[in-house]
Structures are given as structure tokens and as C-alpha cells.
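Novice: Data: query_35.txt, compact mmCIF, C-alpha atoms.
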# COMPACT_ATOMS: atom_id res chain seq x y z
CA MET A 347 86.43 7.14 77.00
CA LYS A 348 83.51 6.06 74.87
CA LEU A 349 83.97 5.77 71.12
CA GLN A 350 81.51 8.62 70.54
CA GLU A 351 83.61 10.92 72.72
CA LEU A 352 86.75 10.05 70.75
CA GLN A 353 84.97 10.69 67.47
CA GLN A 354 84.00 14.13 68.79
CA LEU A 355 87.66 14.79 69.67
CA ASP A 356 88.54 13.94 66.08
CA ARG A 357 85.94 16.36 64.76
CA ASP A 358 87.30 19.12 67.03
CA ASP A 359 90.97 18.34 66.31
CA PRO A 360 92.74 21.47 64.92
CA LEU A 361 95.19 19.16 63.08
CA ARG A 362 92.53 16.94 61.47
CA ASN A 363 93.01 18.31 57.94
CA TYR A 364 96.67 17.26 57.78
CA ARG A 365 95.70 13.59 57.56
CA SER A 366 94.53 14.13 53.99
CA LEU A 367 98.07 15.20 52.98
CA PHE A 368 99.44 11.67 53.49
CA HIS A 369 98.99 8.47 51.56
CA LEU A 370 97.68 6.01 54.15
CA PRO A 371 96.80 2.50 52.93
CA GLU A 372 93.18 1.48 53.36
CA GLY A 373 92.58 -0.55 56.50
CA VAL A 374 95.91 0.33 58.13
CA ILE A 375 96.43 2.01 61.49
CA TYR A 376 100.00 3.23 61.25
CA LEU A 377 101.72 3.42 64.63
CA ASP A 378 105.28 3.40 63.30
CA GLY A 379 105.78 7.00 62.23
CA ASN A 380 108.58 7.13 64.82
CA SER A 381 110.52 4.72 62.59
CA LEU A 382 109.38 5.57 59.04
CA GLY A 383 106.84 8.24 58.25
CA PRO A 384 104.23 7.69 55.51
CA ALA A 385 104.54 9.24 52.07
CA PRO A 386 103.16 12.75 51.60
CA LYS A 387 100.79 12.73 48.63
CA GLU A 388 102.67 15.70 47.15
CA VAL A 389 105.83 13.62 46.77
CA PHE A 390 104.45 11.62 43.85
CA GLN A 391 103.85 14.70 41.71
CA LYS A 392 107.10 16.30 42.81
CA MET A 393 109.18 13.24 41.94
CA GLU A 394 107.44 12.96 38.59
CA LYS A 395 108.63 16.48 37.81
CA VAL A 396 112.15 15.82 39.09
CA LEU A 397 112.52 12.66 37.06
CA HIS A 398 110.84 13.64 33.82
CA GLN A 399 111.62 17.37 33.64
CA GLU A 400 114.56 18.34 35.83
CA TRP A 401 116.65 15.23 35.19
CA ALA A 402 115.42 13.84 31.87
CA GLU A 403 114.87 17.09 29.98
CA ASP A 404 116.90 19.80 31.68
CA LEU A 405 119.80 17.52 32.58
CA ILE A 406 122.81 19.27 34.15
CA ARG A 407 121.17 22.68 33.70
CA SER A 408 118.98 21.85 36.71
CA TRP A 409 121.84 22.51 39.10
CA ASN A 410 121.11 26.17 38.33
CA ASN A 411 117.60 26.25 36.83
CA ALA A 412 115.97 24.01 39.43
CA GLY A 413 118.15 25.16 42.34
CA TRP A 414 119.72 21.77 43.00
CA TRP A 415 122.90 23.37 44.34
CA GLU A 416 121.05 25.24 47.10
CA LEU A 417 118.86 22.32 48.23
CA THR A 418 121.06 21.45 51.21
CA ASP A 419 120.76 25.01 52.50
CA ARG A 420 117.13 25.57 51.59
CA LEU A 421 115.97 22.38 53.29
CA GLY A 422 118.29 23.16 56.18
CA SER A 423 116.44 26.40 56.82
CA MET A 424 113.14 24.48 56.81
CA VAL A 425 114.48 22.10 59.45
CA ALA A 426 115.91 25.03 61.43
CA LYS A 427 112.39 26.34 61.95
CA LEU A 428 111.47 23.07 63.69
CA ILE A 429 114.45 22.86 66.04
CA GLY A 430 114.86 26.45 67.23
CA ALA A 431 117.89 27.34 65.12
CA ASP A 432 118.79 30.14 62.72
CA ASP A 433 118.55 29.50 58.98
CA ASP A 434 122.33 29.54 58.53
CA GLU A 435 122.98 26.99 61.30
CA VAL A 436 121.41 23.89 59.76
CA VAL A 437 122.26 21.97 56.61
CA VAL A 438 120.59 18.84 55.19
CA CYS A 439 123.11 16.31 53.93
CA ASP A 440 124.48 12.79 54.19
CA THR A 441 123.25 10.43 56.96
CA THR A 442 122.82 10.83 60.70
CA SER A 443 125.84 8.62 61.39
CA VAL A 444 128.06 10.51 58.93
CA ASN A 445 126.94 13.84 60.36
CA LEU A 446 127.54 12.62 63.89
CA HIS A 447 131.07 11.66 62.89
CA LYS A 448 131.59 15.19 61.58
CA VAL A 449 130.28 17.07 64.61
CA LEU A 450 132.10 14.89 67.13
CA HIS A 451 135.37 15.64 65.39
CA ALA A 452 134.38 19.31 65.15
CA ALA A 453 133.73 19.41 68.90
CA LEU A 454 137.05 17.70 69.61
CA SER A 455 138.84 20.20 67.37
CA LEU A 456 137.52 23.01 69.56
CA LYS A 457 138.74 21.27 72.74
CA SER A 458 142.14 20.00 71.66
CA GLY A 459 143.48 19.82 75.21
CA ARG A 460 140.76 17.42 76.39
CA ASN A 461 140.46 13.69 75.79
CA LYS A 462 137.10 12.51 77.17
CA VAL A 463 133.73 12.02 75.51
CA ILE A 464 130.61 11.04 77.45
CA ALA A 465 127.61 9.24 75.96
CA GLU A 466 124.73 7.06 77.18
CA ALA A 467 125.25 3.30 77.41
CA ASP A 468 121.63 2.82 76.32
CA CYS A 469 121.62 5.30 73.45
CA PHE A 470 120.85 4.21 69.90
CA PRO A 471 123.64 1.71 69.11
CA SER A 472 124.68 3.43 65.89
CA ASP A 473 125.80 6.43 67.95
CA LEU A 474 128.10 4.15 69.93
CA TYR A 475 129.46 2.64 66.72
CA VAL A 476 130.33 6.13 65.49
CA LEU A 477 132.09 6.84 68.78
CA GLU A 478 134.18 3.71 68.28
CA GLY A 479 135.12 4.99 64.83
CA VAL A 480 136.12 8.38 66.24
CA LYS A 481 138.23 6.68 68.89
CA SER A 482 140.01 4.62 66.22
CA LEU A 483 141.32 7.91 64.82
CA ARG A 484 142.00 9.34 68.29
CA PRO A 485 143.62 6.54 70.34
CA ASP A 486 144.06 8.92 73.28
CA LEU A 487 140.30 9.39 73.53
CA GLU A 488 138.49 8.01 76.58
CA ILE A 489 134.83 7.19 76.10
CA LEU A 490 132.69 7.18 79.25
CA LEU A 491 129.15 5.81 79.22
CA GLU A 492 126.33 6.82 81.52
CA GLY A 493 124.99 3.61 83.02
CA ARG A 494 128.34 1.83 82.75
CA ASP A 495 131.04 4.19 84.01
CA GLY A 496 128.79 6.39 86.13
CA SER A 497 125.15 6.70 87.11
CA SER A 498 124.66 10.12 85.50
CA ILE A 499 126.28 12.41 82.98
CA HIS A 500 126.69 15.09 85.62
CA GLU A 501 128.59 12.70 87.89
CA MET A 502 131.20 12.04 85.17
CA LEU A 503 131.81 15.64 84.12
CA ASP A 504 135.25 17.15 84.70
CA GLU A 505 137.72 19.51 83.01
CA GLN A 506 138.93 16.76 80.64
CA VAL A 507 135.52 16.24 79.00
CA ALA A 508 135.53 17.64 75.48
CA ALA A 509 132.04 16.63 74.37
CA VAL A 510 128.88 14.91 75.59
CA LEU A 511 126.61 13.05 73.17
CA ILE A 512 122.98 12.85 74.28
CA ASN A 513 119.87 11.39 72.63
CA HIS A 514 117.08 13.90 73.17
CA VAL A 515 114.45 11.13 73.26
CA ASP A 516 115.34 7.54 74.18
CA TYR A 517 114.65 5.38 71.14
CA ARG A 518 113.12 2.60 73.24
CA SER A 519 111.28 4.11 76.19
CA GLY A 520 110.59 7.53 74.70
CA THR A 521 112.00 9.31 77.77
CA ILE A 522 112.92 12.97 77.10
CA ARG A 523 116.24 14.31 78.37
CA ASP A 524 116.36 17.83 79.82
CA MET A 525 118.20 19.71 77.07
CA GLU A 526 118.52 23.06 78.80
CA ASN A 527 119.84 21.81 82.13
CA LEU A 528 122.14 19.14 80.71
CA THR A 529 123.65 21.57 78.22
CA ARG A 530 124.26 24.09 80.98
CA GLN A 531 125.89 21.47 83.22
CA VAL A 532 128.24 20.31 80.46
CA GLN A 533 129.23 23.85 79.53
CA GLU A 534 129.89 24.77 83.16
CA PHE A 535 132.76 22.27 82.97
CA GLY A 536 133.91 23.75 79.65
CA GLY A 537 132.59 20.88 77.51
CA LEU A 538 130.45 20.94 74.36
CA THR A 539 127.11 19.23 73.76
CA VAL A 540 126.05 17.11 70.79
CA TRP A 541 122.34 16.25 70.71
CA ASP A 542 120.70 13.54 68.58
CA LEU A 543 117.23 14.84 67.69
CA SER A 544 116.05 11.87 65.62
CA HIS A 545 113.04 11.18 67.85
CA SER A 546 112.14 14.74 68.78
CA ALA A 547 112.29 17.01 65.70
CA GLY A 548 108.83 17.52 64.26
CA ILE A 549 107.02 16.06 67.25
CA PHE A 550 107.50 18.82 69.81
CA PRO A 551 109.19 22.24 69.90
CA VAL A 552 112.99 21.96 70.17
CA GLN A 553 114.91 25.08 71.24
CA LEU A 554 118.57 24.61 70.32
CA ASN A 555 119.55 28.27 70.42
CA ARG A 556 117.61 29.05 73.57
CA CYS A 557 119.38 26.13 75.27
CA ARG A 558 122.76 27.22 73.88
CA VAL A 559 123.37 23.80 72.29
CA ASP A 560 126.68 23.45 70.43
CA PHE A 561 125.96 20.74 67.85
CA ALA A 562 123.06 18.50 66.87
CA VAL A 563 122.17 15.86 64.29
CA GLY A 564 119.02 14.03 63.31
CA CYS A 565 117.27 11.98 60.67
CA THR A 566 114.34 13.05 58.49
CA TYR A 567 112.61 9.75 57.64
CA LYS A 568 110.69 9.47 60.92
CA TYR A 569 108.30 12.25 61.94
CA LEU A 570 109.50 14.52 59.09
CA ASN A 571 108.29 12.01 56.48
CA GLY A 572 111.28 12.29 54.16
CA GLY A 573 111.18 8.71 52.89
CA PRO A 574 113.37 5.65 53.57
CA GLY A 575 117.02 6.62 53.87
CA ALA A 576 116.23 10.32 53.45
CA PRO A 577 119.18 12.70 53.96
CA ALA A 578 119.83 13.75 57.54
CA TYR A 579 120.51 17.20 58.99
CA LEU A 580 123.31 18.79 60.97
CA TYR A 581 123.23 21.79 63.28
CA ALA A 582 126.27 23.77 64.37
CA ALA A 583 125.90 26.94 66.43
CA SER A 584 127.13 29.87 64.37
CA ARG A 585 129.63 30.80 67.10
CA HIS A 586 131.59 27.63 66.22
CA HIS A 587 131.60 27.85 62.42
CA THR A 588 134.94 29.46 61.74
CA ALA A 589 136.91 27.81 64.53
CA CYS A 590 135.96 24.14 64.20
CA ASN A 591 137.24 21.54 61.77
CA GLN A 592 135.65 18.35 60.52
CA PRO A 593 137.59 15.65 58.67
CA LEU A 594 135.19 14.77 55.83
CA SER A 595 136.15 17.65 53.58
CA GLY A 596 134.74 17.64 50.08
CA TRP A 597 134.12 20.02 47.26
CA PHE A 598 130.54 20.84 48.28
CA GLY A 599 132.01 22.25 51.50
CA HIS A 600 134.66 24.37 49.76
CA ALA A 601 134.41 28.15 49.95
CA ARG A 602 134.78 28.42 46.14
CA PRO A 603 134.00 24.95 44.73
CA PHE A 604 133.91 26.00 41.08
CA ASP A 605 137.33 27.61 41.20
CA PHE A 606 138.65 24.02 41.37
CA GLU A 607 141.53 24.94 43.66
CA ARG A 608 144.07 22.27 44.63
CA HIS A 609 143.75 22.74 48.39
CA PHE A 610 140.68 22.70 50.61
CA ASP A 611 139.48 26.03 51.95
CA PRO A 612 136.31 25.42 53.99
CA ASP A 613 133.23 27.54 53.59
CA SER A 614 132.97 30.08 56.39
CA GLY A 615 129.46 28.95 57.36
CA ILE A 616 127.39 25.81 57.82
CA ARG A 617 128.26 24.51 54.35
CA ARG A 618 131.71 23.55 55.61
CA PHE A 619 129.95 20.47 56.98
CA VAL A 620 128.77 19.29 53.56
CA CYS A 621 131.03 16.73 51.96
CA GLY A 622 130.57 15.55 48.37
CA THR A 623 127.76 15.67 45.82
CA GLN A 624 124.42 15.18 47.54
CA PRO A 625 121.52 12.82 46.54
CA ILE A 626 119.29 15.24 44.69
CA LEU A 627 116.39 12.84 44.15
CA SER A 628 116.25 12.06 47.88
CA LEU A 629 116.53 15.73 48.78
CA ARG A 630 113.61 16.58 46.51
CA ALA A 631 111.52 13.78 48.04
CA LEU A 632 112.31 15.09 51.51
CA GLN A 633 111.19 18.56 50.49
CA SER A 634 107.58 17.34 50.32
CA GLY A 635 107.66 16.20 53.93
CA LEU A 636 109.27 19.40 55.19
CA GLU A 637 106.84 21.62 53.29
CA ILE A 638 103.96 20.16 55.28
CA TYR A 639 105.56 21.41 58.49
CA GLN A 640 106.04 25.00 57.43
CA ASP A 641 102.61 26.09 58.70
CA VAL A 642 102.12 23.51 61.44
CA SER A 643 101.89 24.59 65.07
CA LEU A 644 104.36 22.37 66.92
CA GLN A 645 102.63 23.29 70.14
CA GLN A 646 99.39 21.80 68.79
CA VAL A 647 101.34 18.77 67.62
CA ARG A 648 102.78 18.34 71.12
CA GLU A 649 99.39 18.71 72.79
CA LYS A 650 97.82 16.08 70.57
CA SER A 651 100.84 13.81 70.94
CA MET A 652 100.48 13.82 74.71
CA ALA A 653 96.73 13.25 74.43
CA LEU A 654 97.17 10.29 72.06
CA THR A 655 99.82 8.60 74.18
CA ASP A 656 97.83 9.22 77.36
CA LEU A 657 94.77 7.67 75.71
CA PHE A 658 96.75 4.64 74.55
CA ILE A 659 98.16 4.02 78.03
CA LYS A 660 94.75 4.45 79.66
CA LEU A 661 93.11 2.01 77.23
CA LEU A 662 95.91 -0.52 77.71
CA LYS A 663 95.40 -0.45 81.47
CA ASN A 664 91.63 -0.71 81.15
CA GLU A 665 91.42 -3.32 78.39
CA CYS A 666 94.63 -5.37 78.57
CA ALA A 667 95.47 -5.57 82.28
CA ALA A 668 94.90 -9.33 82.36
CA TRP A 669 97.95 -10.06 80.21
CA GLU A 670 101.71 -9.76 80.69
CA LEU A 671 102.12 -6.21 79.45
CA GLU A 672 104.43 -3.71 81.10
CA ILE A 673 104.53 -0.07 80.01
CA ILE A 674 108.15 1.09 80.21
CA SER A 675 107.60 4.62 78.91
CA PRO A 676 107.18 7.44 81.45
CA GLU A 677 103.67 7.75 82.84
CA ASP A 678 104.01 11.55 82.87
CA ALA A 679 103.29 12.76 79.33
CA SER A 680 105.56 15.78 79.78
CA GLN A 681 108.51 13.39 80.22
CA ARG A 682 107.56 11.24 77.23
CA GLY A 683 108.14 11.70 73.53
CA SER A 684 105.53 10.54 71.03
CA GLN A 685 105.90 6.80 71.52
CA VAL A 686 104.90 4.19 74.06
CA ALA A 687 107.02 1.10 74.62
CA VAL A 688 105.35 -2.02 76.00
CA SER A 689 107.16 -5.19 77.03
CA HIS A 690 105.73 -8.68 76.67
CA PRO A 691 107.51 -12.05 76.81
CA GLN A 692 106.35 -12.71 73.25
CA GLY A 693 106.51 -9.10 72.10
CA TYR A 694 107.80 -9.92 68.63
CA ALA A 695 105.04 -12.44 67.90
CA VAL A 696 102.33 -10.17 69.30
CA MET A 697 103.54 -7.32 67.09
CA GLN A 698 103.54 -9.56 64.02
CA ALA A 699 99.98 -10.60 64.76
CA LEU A 700 99.01 -6.94 65.07
CA ILE A 701 100.71 -6.10 61.78
CA SER A 702 98.81 -8.93 60.07
CA ARG A 703 95.62 -7.17 61.17
CA GLY A 704 96.81 -3.84 59.76
CA VAL A 705 97.96 -2.27 63.04
CA ILE A 706 101.60 -1.47 62.32
CA GLY A 707 104.12 -0.79 65.06
CA ASP A 708 107.60 -2.25 65.51
CA PHE A 709 109.72 -4.34 67.84
CA ARG A 710 113.02 -3.80 69.63
CA ALA A 711 114.96 -6.61 71.26
CA PRO A 712 114.63 -8.28 73.60
CA ASN A 713 110.88 -7.91 74.19
CA LEU A 714 109.69 -4.36 73.43
CA MET A 715 106.76 -3.42 71.24
CA ARG A 716 107.04 0.22 70.17
CA PHE A 717 103.99 2.24 69.25
CA GLY A 718 104.57 5.64 67.66
CA PHE A 719 101.99 8.42 67.58
CA ALA A 720 102.36 10.94 64.77
CA PRO A 721 99.62 13.51 65.38
CA LEU A 722 99.42 14.84 61.83
CA PHE A 723 97.78 11.70 60.48
CA LEU A 724 96.53 9.69 63.47
CA SER A 725 93.05 10.01 64.95
CA TYR A 726 91.77 9.31 68.43
CA GLN A 727 89.58 6.56 67.02
CA ASP A 728 92.70 4.94 65.54
CA ILE A 729 94.03 4.49 69.07
CA HIS A 730 90.77 2.97 70.28
CA ASP A 731 90.68 0.55 67.36
CA ALA A 732 94.35 -0.43 67.75
CA VAL A 733 93.92 -1.36 71.42
CA LYS A 734 90.78 -3.32 70.55
CA GLN A 735 92.79 -5.38 68.06
CA LEU A 736 95.59 -5.90 70.57
CA LYS A 737 93.15 -7.14 73.20
CA GLN A 738 91.67 -9.67 70.79
CA ILE A 739 95.13 -10.99 69.91
CA LEU A 740 96.13 -11.39 73.56
CA GLU A 741 92.80 -12.91 74.52
CA SER A 742 92.82 -15.51 71.76
CA LYS A 743 96.62 -16.09 71.79
CA GLU A 744 96.52 -15.48 68.08
CA TRP A 745 100.18 -14.54 68.27
CA ASN A 746 101.15 -18.17 69.02
CA GLN A 747 101.59 -19.21 65.39
CA GLU A 748 104.73 -20.30 63.60
CA ALA A 749 104.42 -17.44 61.08
CA PHE A 750 104.46 -14.87 63.89
CA LEU A 751 107.15 -16.52 66.01
CA GLN A 752 109.81 -16.64 63.29
CA LYS A 753 111.80 -13.41 63.29
CA SER A 754 112.45 -11.54 60.04
CA LYS A 755 115.77 -9.86 59.31
CA VAL A 756 114.27 -6.38 59.96
CA THR A 757 112.25 -6.13 63.17
Translate the structure of the given file into C-alpha cells.
Specialist:
Amino acid sequence: MKLQELQQLDRDDPLRNYRSLFHLPEGVIYLDGNSLGPAPKEVFQKMEKVLHQEWAEDLIRSWNNAGWWELTDRLGSMVAKLIGADDDEVVVCDTTSVNLHKVLHAALSLKSGRNKVIAEADCFPSDLYVLEGVKSLRPDLEILLEGRDGSSIHEMLDEQVAAVLINHVDYRSGTIRDMENLTRQVQEFGGLTVWDLSHSAGIFPVQLNRCRVDFAVGCTYKYLNGGPGAPAYLYAASRHHTACNQPLSGWFGHARPFDFERHFDPDSGIRRFVCGTQPILSLRALQSGLEIYQDVSLQQVREKSMALTDLFIKLLKNECAAWELEIISPEDASQRGSQVAVSHPQGYAVMQALISRGVIGDFRAPNLMRFGFAPLFLSYQDIHDAVKQLKQILESKEWNQEAFLQKSKVT
């Protein structure tokens, strides 16, 4: 497409006004919202109030006056709107890994006669680390991995499977898993599903309740723009609340925390999954990101996401076909999340050269460049300009410099 046509698409874009809600550095094309979203402008004013009024002046009174105690629930209901859940089924707390630990144990507690858990061999490694931790507390547990112990999840299902952990969107390729069909298949064998939504929430409509999902977790610092290390969220279907148990019991999850009883009595609802005192400053920062989404059409977000990724792939094929690039993300936009992964023998160095020019994506070993497309702040012209910069780098071999070849600790 010609630049003028893309500029017209930007003028006609129903989401164009959301860009002004984010702080975007001058001269930067940010294609890494799938790893860390940019700061909402509102967060600076909100944090000023939290620091100088709620903490400094009101002190401990803010647990009541500023509603600190209810933040986990209030933000949970905001996330619920984005993932197809009821308000009382989602809580914001802790980290994705901690929450995954909780829900895996909760699922196992509901299936005490079973000893198998299935996951994907190529899922985000942290999920596998958590599984190893769960197994250390359950030596009888057998962990089966799709791609190592069987070619598909369905092939490995039997009456001994307690839970199946699935990443909704592959963190490298961006491939979307079929939530409805996979959940149904697992439940037909009497198992429970645990979905990791870290790369799908906020970028396309997720329908947990419609798909009858049992448990889910996800982070908020990617497309939800909650800030680095922002608290994660946890979903548990209401039908499981009173029957399941999770091992990280703490006073925030007690039914009557301020009675200071000597024994733990879990809350009857979603708060039973909250552990100890939560990071109020981080929760308040996250609130700014979630507030942006309360009037956003996720269908419009999805439509623009597919258009942006389609455009990027088309431009890559047209402009960069002469170089050693391989697109590993699905060609069909309906099967792809909001990222495009491209392999190159010197992917790390190429990405560093791009970043030096203000086009920011990221790299995943061994040779993948990841480009994320967050529709609320990206324009069609951004995509055109990013590919233009990439072509110049490949053409000139600008990437072949010592500064770009040396890997940093965080890639």
C-alpha cells in the first residue's frame, strides 16, 4: 500500500484517539507492547496523588478512605470485563507465576484421585518451572508435555489427567490455541483446564465463561499497560470456589481477616486466592492502564490488530525478501495473536540496530525477532516506517557492529 493510503487509514481509524492517552517518546516506534506496555499519561497524576496524599498525608487511614483494601477485587472486575468472566471470578494479586502455582494446586485438590498434568513443551518456560515446583510437593505427579511425550494434548488425555495447562497465545510465534475445543476435550476426560492469558487479554475478546474454562492466570504489564512488574490476575470459575484449596493461604484470603483468628478459614469467593498484603502502589499504577480499557471495543482492537500484522507481513515480503528473513507466525491472521515473529541468523544484532534507530521490538533465543502490535497506540504509518528502517539495516548490514553483536543480560 502507498503511504498516502496508510495515512488515510489512520485518519479513519476508530481507535486513533487512544494514542493520545499514552506517553510515547518522540521518535520512537514502539513494537514491544507485547512485552511491556507504555505508560498511560494518567498514571503520573494518579501516582502523585497516591504518594503525596494517600500515603504521605492519610497514612493508614487510606486502607478505608482510599479503598486500598478493595483494590484487588475492584481491579479484578475490570479485568473480568476483558476476559469474559463475572466480576466475582477474577482477582488481581501477586505475580503470574505465584498465581499459576495457586491454581494448579487448586485444580489438583479438585481431582485428588488423579496424578497427571499436561502442558506444552514449548510454552513460556516460567510455566514449566512452576510445574516443577508443584511436582516437588507432589512426588506422585506425572508431568506430560505436548511435543515431548505426545504430538497433541488430545492424544495424551486419559482418566488420570487432573489438569491441562495451556498458553492461549504462543509467546514466540503468536499462534492462538482453540480455547473452546481444547477445554471441551479436556473436560470430556474429566480433567480441568488452566489457561495462561498473558498474550491474549486486552488484544482480542476472550470468553472464559462461554468456553467453560476452569482456571486462568495472566500478567498485566503487556497489553494492559500496568507497568513493569505490575500485579497479575487470577480467574477461578465460581463453581469451583468453595470446593478447591490452594496452599498459599494468608490473611488477605481469610473470611474474617480482622477477627485475627488463630486458624485459617478461607473466604468463600475469589478472595480465597489472595495471599498476604498486596503492593498498593503497583495496584494503583495498574488502575490507570485498566481504566483505558473500560470503554474500548475489543472487537475493534482485534480488527486493527489483524490489519496491522497483515500489513507488516505484506511489507516484509515486498521490501525485505532479498534477505534471510523467515516469518514463523501463522499467515492466517485469525490464527495469530498481535505479534509477528521473524527469524534471522543475526536476529539479535538486527534488533539492536533497529532499537538504535528508535524502532523497538525484542529478541527471543535462538534467532527470533518479535514485533508486537498494540492497536491502541500504533498507527499504520508506524508499520510502514518500521519496515523501511529494517530494510535499510539489512541492505547496509548496519547490524554487523560490535555494539550490536554483544548480547545484553536482558534480551
Novice: Using all atoms listed in the file, which residues sit within 10 Å of region 661-665 of chain A once same-chain residues fewer than 6 positions away are excluded, as a PyMOL selection string?
Specialist: chain A and resi 347+655+671-673+688+729-730+732-734+736-738
Novice: Mind listing whatever residues come within 7 Å of the point (139.8, 25.9, 66.9)? Use all atoms listed in the file, file coordinates, and give them as a JSON list (two decimals) with C-alpha atoms, in the coordinates of the input.
Specialist:
[["chain", "number", "residue", "atom", "x", "y", "z"],
["A", 455, "SER", "CA", 138.84, 20.20, 67.37],
["A", 456, "LEU", "CA", 137.52, 23.01, 69.56],
["A", 589, "ALA", "CA", 136.91, 27.81, 64.53],
["A", 590, "CYS", "CA", 135.96, 24.14, 64.20]]
Novice: One number please: CA of Ser614 (chain A) to CA of Ala578 (chain A), in Å, one decimal.
Specialist: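 CA of Ala578 (chain A) lies at a distance of 21.0 Å from CA of Ser614 (chain A).
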Novice: So that I can check the surroundings of region 434-437 of chain A, please list as a VMD selection string every protein, DNA and RNA residue that reaches within 9 Å of it, counting all atoms listed in the file and ignoring chain neighbours fewer than 3 positions away.
Specialist: chain A and resid 418 to 426 431 578 to 584 587 615 to 617 619 to 620
Novice: When you count all atoms listed in the file, which of these residues is closest to Lys481 (chain A): A:Leu454, A:Leu594, A:Val686, A:Ile674?
Specialist: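 The closest residue to Lys481 (chain A) is A:Leu454.
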Novice: Find the spatial neighbours of region 390-407 of chain A, counting only C-alpha atoms, within a cut-off of 10 Å - ignore same-chain residues fewer than 3 positions away - and output them as a PDB file with C-alpha atoms, in the frame of the given file.
Specialist:
ATOM      1  CA  HIS A 369      98.990   8.470  51.560  1.00  0.00           C
ATOM      2  CA  ALA A 385     104.540   9.240  52.070  1.00  0.00           C
ATOM      3  CA  PRO A 386     103.160  12.750  51.600  1.00  0.00           C
ATOM      4  CA  LYS A 387     100.790  12.730  48.630  1.00  0.00           C
ATOM      5  CA  ASN A 410     121.110  26.170  38.330  1.00  0.00           C
ATOM      6  CA  ASN A 411     117.600  26.250  36.830  1.00  0.00           C
ATOM      7  CA  ALA A 412     115.970  24.010  39.430  1.00  0.00           C
ATOM      8  CA  GLY A 413     118.150  25.160  42.340  1.00  0.00           C
ATOM      9  CA  TRP A 414     119.720  21.770  43.000  1.00  0.00           C
ATOM     10  CA  ILE A 626     119.290  15.240  44.690  1.00  0.00           C
ATOM     11  CA  LEU A 627     116.390  12.840  44.150  1.00  0.00           C
ATOM     12  CA  SER A 628     116.250  12.060  47.880  1.00  0.00           C
ATOM     13  CA  ARG A 630     113.610  16.580  46.510  1.00  0.00           C
ATOM     14  CA  ALA A 631     111.520  13.780  48.040  1.00  0.00           C
ATOM     15  CA  GLN A 633     111.190  18.560  50.490  1.00  0.00           C
ATOM     16  CA  SER A 634     107.580  17.340  50.320  1.00  0.00           C
TER      17      SER A 634
END
Novice: What is the CA of Gln698 (chain A) to CA of Asp728 (chain A) distance in Å?
Specialist: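 Result for CA of Gln698 (chain A) versus CA of Asp728 (chain A): 18.2 Å, one decimal.
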Novice: Looking at all atoms listed in the file, which of A:Phe606, A:Met502, A:Ser381, A:Leu450 is the one that sits closest to Asn571 (chain A)?
Specialist: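 Between A:Phe606, A:Met502, A:Ser381, A:Leu450, the residue approaching Asn571 (chain A) most closely is A:Ser381.
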Novice: Show me, as a ChimeraX atom specification, the residues that have an atom within 8 Å of Gly537 (chain A) when counting only C-alpha atoms, minus same-chain residues fewer than 5 positions from it.
Specialist: /A:457,505,507-510,532
Novice: Would you put the residues from that selection into a file with C-alpha atoms, as a tab-separated table (two decimals), keeping the file's coordinate frame?
Specialist:
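And here is the file that came out, again.tsv:
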chain	number	residue	atom	x	y	z
A	457	LYS	CA	138.74	21.27	72.74
A	505	GLU	CA	137.72	19.51	83.01
A	507	VAL	CA	135.52	16.24	79.00
A	508	ALA	CA	135.53	17.64	75.48
A	509	ALA	CA	132.04	16.63	74.37
A	510	VAL	CA	128.88	14.91	75.59
A	532	VAL	CA	128.24	20.31	80.46
